[in-house]
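Each remark here refers to the structure printed beneath this line.
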Amino acid sequence: MEKEVYSLCFMCSSRCPIKVLVKDGQVKWIEGSPHVAGMEGSLCPRGAAGIALLYDSQRVQSPLIRDGERGSGKWRKAGWDEALDYVAEKLKAVIDQYGGHSVALGERAQLATPVSKTFMKAIQSPNHFTHESVCKGSLNTASRSLFGVSDAQIGIDYKNTKHIILYGRNIFETIEVKGVNGLMDAVERGAKITYIDPRVTVTATKAHRYWRIRPGADLALNYALIHVILKERLYDAEYVDRWVLGLAELQDFVRSFTPEWAEKETGIPSAEIVSLSREVSRDKPAVIFHFGWRASSHLNETYMRRSILILNALMGSVEAAGGLFFKKGPGEVGAKPARALTAQEFPRVDLPRFDQVGTPKFPLPDPGHGVAQMLPSAILNEDPYPLKGLIAFRYDPLFSIPDIRTTKKAFDKLDLIVTIDINYSETAWYSDVILPESTYLERLDCIQQANGLKPQMFLRQPAVTPRHNTREGAVILKEIAERIGTGAYFPYETMEELVRWQLEGTGFSLEDFAAKGFVTYTDRPIFWDRKDGIKFKTPSGKIEFASSLLENAGFESFPECEPVAPPPENQFRLTIGRCALHTHISTQNNPYLNERVSENVLWINTERAAALGIKNKDLVEISSNCGSGKIKAYVTDLIHPEAVFMLHGFGHQAALAARSFDKGLADGILQENVTDMVGGSPALQHSFVSVKRV
Amino acid sequence: MSKYYLFQDRKRCIGCYSCTIACKSNKNLLTGPKPVDIIPIGPTFIDGTPRAAFVLMPCFHCEDPWCVAVCPTGAVQKRTKDGIVFVDHALCIGCKSCMSACPWGAPQWNPETGKVVKCDYCKDRLDAGLKPACATICTTHCLQFGEANETPDVRRERYAREMVGL
């Protein structure tokens, strides 16, 4: 028997719509949804490898309880009742002794996030956090400081752009299918790509202009671009006059940041900086200065991301075709979004969060995400109070928070670590209990409320029944809640009941998703009127170059721009990134993806390598202030002499994920855990490293 | 030659390998064989500009294929109706003759079965009215599949656009 199921991919977090072909209860084929423009069958390599995840013999197949030291890899299989009883009993003990706030739950932001938030609110813990801070927390803050909404509420109109400027946003190797195809179509019609990165990537090879910038100098470059654009009046004056607050302050501020000054900081010829400024101004407003995805590189990240968004504002590209747009929700057409469990009444919590976000100590990061990399110090210093329990839900804090050794020490102080995941993540391997989740092909998930130019709802529908003894995360959390006495906040038994509950009042039913996997509130893209209708959510209703958000919290809108420190003698700045075949830390053990890219290597500039006596493929030792490890060298002209580069996500230590076990080196061993205290992101490319031949 | 044509628009190809993985997934292959492969050339600097190419290496479905000629059991065959060269796995004895005869490395060893596997333009999918796996899933739609008279004109069109500056 054959059937087609429309669903959502989850090999990364983009949630591309897919069509799954099922024959005799087996998934035979996955392709991009033919009903979604820009997909039309396409999928990235990770999406194409989805079947291999489903049928992987090395994923977690039943609940496991630790049967030895933490991290020893000794497990005993347990039934669900036993594992859940065990978790509930330990969790209850922690809550009874230290209070609900002593429990933290960290997750990769996902469709079940409202369920986890509900779980935490029900136990009166403020300590729900997501991976967002280690991804793009500072960008979120930068966006709120200018527009009053987070970056998640801003979309990019790739398809109609005339010029896109990418700051290390390696768009052709960190693929989101619709975006890549939109940009490809734009390039076919003559759009230009400018790519800025200390390293040559696939995106650099497709760009019309490639600038090999000094690592960390993007902010200096942007101030010079702004300098030229203001000096030569290349901006969209009508738009800026109408919508911008603080142009005069910006003008004063950038006066000294000339292209000649920036040339010394960035290594990019001043004439080229001038030339780009003029070129983009001819294409405005269909210009995109891409604000990036992973925006957690340096200590000045908030200001760096602000400078990118300011460039968009100067081009008038915010809420313009071919530029950026605000994502519109169902409210725009008088309709209702899906219900979220978090809309219930919960007991009040007056304690600060573990990361102290929302307190004067750390006022600006988004409390909806928190700041993950504060977890180790909060546990170790019991500041602001002891943390004793951790639930990791499809998130791997142990491997994604910088300075892995310290994180591990902190984890040793916890009474309970529970992981809900499909794979043996590093955190899972170091847990007391692993509760295996069904893969995205085996489960019904919460509704995806997809805001955009057209508000829509998508649904992840199961293609097959679970192959192993696994459950949906939202059901696992509910089961734990029942056992600790907070089950009343979870008004469902099955995912189907939850989804039906979510859809009440929206005018749509579960059955409406069968045909295409999504429903649309309107057929017509919604752009706001550029002259008078853009709803910036800042207090002034304008784009705040001079930002009330920053200034009310005691930060300057335009702080002094520090020169970029060169690495100390014989050291390098450690830079990291992605490839097309892997998602963060989560896919390295996938048979197909592992076959193509099984380990990371250290990119090092040819001349610098020669001076250190390092030849291609030599094993080298790389060390920083907080750790060291061994990795193979890739000697190349394709990287700036000040930088070394490694792919993120390798060096796994979970032995049962045998294909990726001990292959390559984890960047988190080397990165110091330092944070941009304005925006909340860790500075993942802040650390200097030494490299020597082994 | 086969009556079909698999065209790779290299300007659009980003070397992501979704085609090769889709191929393996569709043929249920584990590690080892890659009936459709991408060979990356570069990146390297050309006149100061970084450039790379990703060259698709499927089977070319030759007019008079050596793999068919050398096969001792008749397992490697050329389909009369459309010229697709394929392996009949019921007949393959895993002698690897075809692998040594093919100048392009199209037939690949499958250690799971001890037999040879190769690109057959997904003839089962074609017969069901679908495109080959690689061309269906290609991230950027840079792979286009059809009959020779449907040869895409993207290169000519692109050149024309460049000439008139659009």
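Ordered as shown in the structure tokens, chains take letters A, B, and onward, while each chain numbers its residues from 1 and ligands are numbered from 1 in the order shown.
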| Counting only C-alpha atoms, which residues of chain A come no farther than 8 Å from chain B, as a ChimeraX atom specification? | /A:28-29,31-32,41-46,48-49,51-52,172-173,177,180-181,184,188-190,200-202,204-206,209-210,580-581,591-592,595,638
Please identify all polymer residues within 9 Å of Cys9 (chain A), counting only C-alpha atoms, omitting same-chain residues fewer than 6 positions from it, and present them as a compact mmCIF listing (two decimals) with N, CA, C and O atoms, in the first residue's frame.
```
# COMPACT_ATOMS: atom_id res chain seq x y z
N ARG A 15 12.74 23.79 8.89
CA ARG A 15 11.40 23.22 8.72
C ARG A 15 10.89 23.35 7.29
O ARG A 15 9.80 23.89 7.05
N CYS A 16 11.66 22.88 6.34
CA CYS A 16 11.22 22.90 4.96
C CYS A 16 10.04 21.94 4.79
O CYS A 16 10.06 20.83 5.32
N PRO A 17 9.03 22.36 4.03
CA PRO A 17 7.89 21.47 3.77
C PRO A 17 8.32 20.31 2.87
O PRO A 17 9.02 20.52 1.89
N ILE A 18 7.90 19.11 3.22
CA ILE A 18 8.31 17.93 2.45
C ILE A 18 7.12 17.06 2.08
O ILE A 18 6.06 17.14 2.69
N GLY A 32 11.10 17.70 -1.49
CA GLY A 32 10.51 18.97 -1.10
C GLY A 32 9.07 19.03 -1.57
O GLY A 32 8.71 18.43 -2.59
N GLY A 47 18.28 17.04 4.28
CA GLY A 47 16.90 16.61 4.07
C GLY A 47 16.85 15.31 3.28
O GLY A 47 16.06 14.41 3.56
N GLY A 50 17.28 12.12 5.27
CA GLY A 50 16.31 11.89 6.34
C GLY A 50 15.95 10.43 6.55
O GLY A 50 15.76 9.96 7.68
N TYR A 440 11.22 13.02 13.29
CA TYR A 440 10.20 13.88 12.66
C TYR A 440 9.34 13.11 11.67
O TYR A 440 8.25 13.57 11.32
N LEU A 441 9.82 11.96 11.21
CA LEU A 441 9.02 11.17 10.26
C LEU A 441 8.03 10.25 10.97
O LEU A 441 7.20 9.60 10.33
N ARG A 460 3.56 19.13 10.96
CA ARG A 460 4.43 17.96 10.81
C ARG A 460 3.59 16.73 11.11
O ARG A 460 3.16 16.53 12.23
```
| Sel. of alpha helix (DSSP H) residues, region 15-130 of chain B, as a PyMOL selection string | chain B and resi 18-26+66-70+97-101+123-127
Residues as selected, C-alpha atoms, written as a PDB file, in the first residue's frame, can you do that?
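Saved file out-v7.pdb follows:
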```pdb
ATOM      1  CA  SER B  18      21.913  16.400  -2.238  1.00  0.00           C
ATOM      2  CA  CYS B  19      21.810  14.636  -5.640  1.00  0.00           C
ATOM      3  CA  THR B  20      24.281  11.946  -4.608  1.00  0.00           C
ATOM      4  CA  ILE B  21      22.526  11.377  -1.295  1.00  0.00           C
ATOM      5  CA  ALA B  22      19.081  11.272  -2.914  1.00  0.00           C
ATOM      6  CA  CYS B  23      20.437   8.702  -5.362  1.00  0.00           C
ATOM      7  CA  LYS B  24      21.776   6.496  -2.590  1.00  0.00           C
ATOM      8  CA  SER B  25      18.614   6.905  -0.591  1.00  0.00           C
ATOM      9  CA  ASN B  26      16.424   5.985  -3.541  1.00  0.00           C
ATOM     10  CA  TRP B  66      32.025  -1.173 -22.951  1.00  0.00           C
ATOM     11  CA  CYS B  67      30.438  -2.262 -19.685  1.00  0.00           C
ATOM     12  CA  VAL B  68      27.736  -4.082 -21.661  1.00  0.00           C
ATOM     13  CA  ALA B  69      30.306  -5.590 -24.031  1.00  0.00           C
ATOM     14  CA  VAL B  70      32.491  -7.050 -21.277  1.00  0.00           C
ATOM     15  CA  SER B  97      34.483  -6.560 -15.411  1.00  0.00           C
ATOM     16  CA  CYS B  98      32.216  -3.604 -16.116  1.00  0.00           C
ATOM     17  CA  MET B  99      33.992  -1.560 -13.441  1.00  0.00           C
ATOM     18  CA  SER B 100      37.344  -2.063 -15.101  1.00  0.00           C
ATOM     19  CA  ALA B 101      35.964  -1.426 -18.585  1.00  0.00           C
ATOM     20  CA  LYS B 123      14.343   3.831 -14.768  1.00  0.00           C
ATOM     21  CA  ASP B 124      11.721   2.641 -12.280  1.00  0.00           C
ATOM     22  CA  ARG B 125      10.885   6.238 -11.460  1.00  0.00           C
ATOM     23  CA  LEU B 126      10.890   7.147 -15.175  1.00  0.00           C
ATOM     24  CA  ASP B 127       8.496   4.325 -15.929  1.00  0.00           C
TER      25      ASP B 127
END
```
| For Ile193 (chain A), the nearest of the candidates A:Lys264, A:Arg255, A:Lys162, A:Lys178, counting only C-alpha atoms | A:Lys162
What parts of region 28-138 of chain B does DSSP call strand (DSSP E or B)? I'd like the answer as an mmCIF file with N, CA and C atoms, in the first residue's frame.
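Written file, part-v4.cif:
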```cif
data_model
loop_
_atom_site.group_PDB
_atom_site.id
_atom_site.type_symbol
_atom_site.label_atom_id
_atom_site.label_comp_id
_atom_site.auth_asym_id
_atom_site.auth_seq_id
_atom_site.Cartn_x
_atom_site.Cartn_y
_atom_site.Cartn_z
ATOM 1 N N ASP B 37 27.930 10.941 -8.647
ATOM 2 C CA ASP B 37 28.896 11.596 -7.772
ATOM 3 C C ASP B 37 29.155 13.015 -8.272
ATOM 4 N N ILE B 38 29.649 13.831 -7.337
ATOM 5 C CA ILE B 38 30.059 15.192 -7.696
ATOM 6 C C ILE B 38 31.558 15.280 -7.431
ATOM 7 N N ILE B 39 32.304 15.734 -8.406
ATOM 8 C CA ILE B 39 33.739 15.931 -8.211
ATOM 9 C C ILE B 39 33.990 17.435 -8.047
ATOM 10 N N PRO B 40 34.426 17.852 -6.844
ATOM 11 C CA PRO B 40 34.677 19.284 -6.675
ATOM 12 C C PRO B 40 36.034 19.670 -7.272
ATOM 13 N N ILE B 41 36.062 20.736 -8.038
ATOM 14 C CA ILE B 41 37.308 21.277 -8.582
ATOM 15 C C ILE B 41 37.489 22.651 -7.952
ATOM 16 N N GLY B 42 38.524 22.820 -7.177
ATOM 17 C CA GLY B 42 38.712 24.060 -6.435
ATOM 18 C C GLY B 42 38.126 23.932 -5.058
ATOM 19 N N PRO B 43 37.875 25.041 -4.348
ATOM 20 C CA PRO B 43 38.047 26.416 -4.811
ATOM 21 C C PRO B 43 39.513 26.780 -5.033
ATOM 22 N N THR B 44 39.685 27.711 -5.966
ATOM 23 C CA THR B 44 41.007 28.244 -6.221
ATOM 24 C C THR B 44 40.832 29.670 -6.734
ATOM 25 N N PHE B 45 41.903 30.440 -6.667
ATOM 26 C CA PHE B 45 41.792 31.814 -7.158
ATOM 27 C C PHE B 45 42.068 31.858 -8.661
ATOM 28 N N ILE B 46 41.158 32.443 -9.416
ATOM 29 C CA ILE B 46 41.369 32.651 -10.845
ATOM 30 C C ILE B 46 41.333 34.156 -11.087
ATOM 31 N N THR B 49 40.038 36.032 -8.180
ATOM 32 C CA THR B 49 38.663 35.770 -7.735
ATOM 33 C C THR B 49 38.516 34.293 -7.380
ATOM 34 N N PRO B 50 37.935 33.987 -6.210
ATOM 35 C CA PRO B 50 37.771 32.571 -5.878
ATOM 36 C C PRO B 50 36.691 31.921 -6.734
ATOM 37 N N ARG B 51 37.031 30.791 -7.299
ATOM 38 C CA ARG B 51 36.063 30.073 -8.129
ATOM 39 C C ARG B 51 36.173 28.572 -7.845
ATOM 40 N N ALA B 52 35.073 27.887 -8.043
ATOM 41 C CA ALA B 52 35.059 26.445 -7.888
ATOM 42 C C ALA B 52 34.060 25.878 -8.882
ATOM 43 N N ALA B 53 34.239 24.619 -9.219
ATOM 44 C CA ALA B 53 33.240 23.949 -10.050
ATOM 45 C C ALA B 53 32.932 22.605 -9.413
ATOM 46 N N PHE B 54 31.706 22.179 -9.571
ATOM 47 C CA PHE B 54 31.292 20.884 -9.050
ATOM 48 C C PHE B 54 30.781 20.084 -10.239
ATOM 49 N N VAL B 55 31.552 19.073 -10.605
ATOM 50 C CA VAL B 55 31.256 18.387 -11.852
ATOM 51 C C VAL B 55 30.484 17.102 -11.566
ATOM 52 N N LEU B 56 29.326 17.001 -12.180
ATOM 53 C CA LEU B 56 28.464 15.833 -11.978
ATOM 54 C C LEU B 56 29.018 14.649 -12.751
ATOM 55 N N MET B 57 29.145 13.509 -12.085
ATOM 56 C CA MET B 57 29.635 12.297 -12.742
ATOM 57 C C MET B 57 28.610 11.180 -12.606
ATOM 58 N N VAL B 76 24.709 -6.510 -17.417
ATOM 59 C CA VAL B 76 24.696 -5.096 -17.798
ATOM 60 C C VAL B 76 24.080 -5.008 -19.193
ATOM 61 N N GLN B 77 22.998 -4.247 -19.272
ATOM 62 C CA GLN B 77 22.235 -4.227 -20.522
ATOM 63 C C GLN B 77 21.908 -2.803 -20.930
ATOM 64 N N LYS B 78 21.605 -2.666 -22.219
ATOM 65 C CA LYS B 78 21.134 -1.375 -22.712
ATOM 66 C C LYS B 78 19.679 -1.532 -23.100
ATOM 67 N N VAL B 85 21.396 2.351 -19.855
ATOM 68 C CA VAL B 85 22.269 1.225 -19.499
ATOM 69 C C VAL B 85 22.032 0.880 -18.028
ATOM 70 N N PHE B 86 21.709 -0.368 -17.752
ATOM 71 C CA PHE B 86 21.364 -0.737 -16.376
ATOM 72 C C PHE B 86 21.917 -2.112 -16.027
ATOM 73 N N VAL B 87 21.897 -2.433 -14.759
ATOM 74 C CA VAL B 87 22.361 -3.747 -14.299
ATOM 75 C C VAL B 87 21.155 -4.586 -13.861
ATOM 76 N N GLN B 108 29.631 0.887 -9.921
ATOM 77 C CA GLN B 108 30.237 0.999 -8.592
ATOM 78 C C GLN B 108 29.997 -0.284 -7.804
ATOM 79 N N TRP B 109 30.924 -0.584 -6.940
ATOM 80 C CA TRP B 109 30.834 -1.798 -6.151
ATOM 81 C C TRP B 109 29.924 -1.579 -4.941
ATOM 82 N N ASN B 110 29.008 -2.504 -4.748
ATOM 83 C CA ASN B 110 28.144 -2.435 -3.574
ATOM 84 C C ASN B 110 28.496 -3.562 -2.613
ATOM 85 N N LYS B 115 27.480 -7.002 -5.486
ATOM 86 C CA LYS B 115 27.168 -6.818 -6.904
ATOM 87 C C LYS B 115 27.471 -5.385 -7.307
ATOM 88 N N VAL B 116 27.306 -5.141 -8.597
ATOM 89 C CA VAL B 116 27.579 -3.799 -9.108
ATOM 90 C C VAL B 116 26.286 -3.000 -9.164
ATOM 91 N N VAL B 117 26.412 -1.720 -8.884
ATOM 92 C CA VAL B 117 25.247 -0.847 -8.990
ATOM 93 C C VAL B 117 25.671 0.350 -9.823
#
```
| said: Give me the residues near region 127-137 of chain A as a VMD selection string, where near means some atom within 8 Å (using only C-alpha atoms) and where sequence neighbours in that chain fewer than 3 positions away do not count. | reply: chain A and resid 101 103 to 109 116 to 117 120 140 to 141 293 to 296 353 to 354 365 to 366 368 to 373 395 397 400 to 401 679 to 682
| query | Any idea what's packed within 7 Å of Lys537 (chain A), counting only C-alpha atoms, ignoring anything in its chain fewer than 3 positions away? Could you give it as a list in words? | reply | Phe147, Gly148, Val149 and Gly541 of chain A
| Shortest interatomic distance to Cys119 (chain B) - which of B:Pro72, B:Gly146, B:Pro152, B:Pro35, counting only C-alpha atoms |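 Checking each of B:Pro72, B:Gly146, B:Pro152, B:Pro35 against Cys119 (chain B), counting only C-alpha atoms, the winner is B:Pro35.
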Counting only C-alpha atoms, what is within 9 Å of Arg155 (chain B), bar same-chain residues fewer than 4 positions away, as a PDB file with N, CA, C and O atoms, in the first residue's frame?
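This went into around-v9.pdb:
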```
ATOM      1  N   ASP B   9      23.456  22.524 -14.746  1.00  0.00           N
ATOM      2  CA  ASP B   9      23.742  23.947 -14.903  1.00  0.00           C
ATOM      3  C   ASP B   9      24.763  24.326 -13.836  1.00  0.00           C
ATOM      4  O   ASP B   9      24.419  24.553 -12.677  1.00  0.00           O
ATOM      5  N   TYR B 159      23.537  33.871 -21.644  1.00  0.00           N
ATOM      6  CA  TYR B 159      24.475  34.634 -22.464  1.00  0.00           C
ATOM      7  C   TYR B 159      23.765  35.828 -23.106  1.00  0.00           C
ATOM      8  O   TYR B 159      24.255  36.944 -23.120  1.00  0.00           O
ATOM      9  N   ALA B 160      22.571  35.559 -23.585  1.00  0.00           N
ATOM     10  CA  ALA B 160      21.800  36.637 -24.208  1.00  0.00           C
ATOM     11  C   ALA B 160      21.526  37.753 -23.204  1.00  0.00           C
ATOM     12  O   ALA B 160      21.668  38.943 -23.508  1.00  0.00           O
TER      13      ALA B 160
END
```
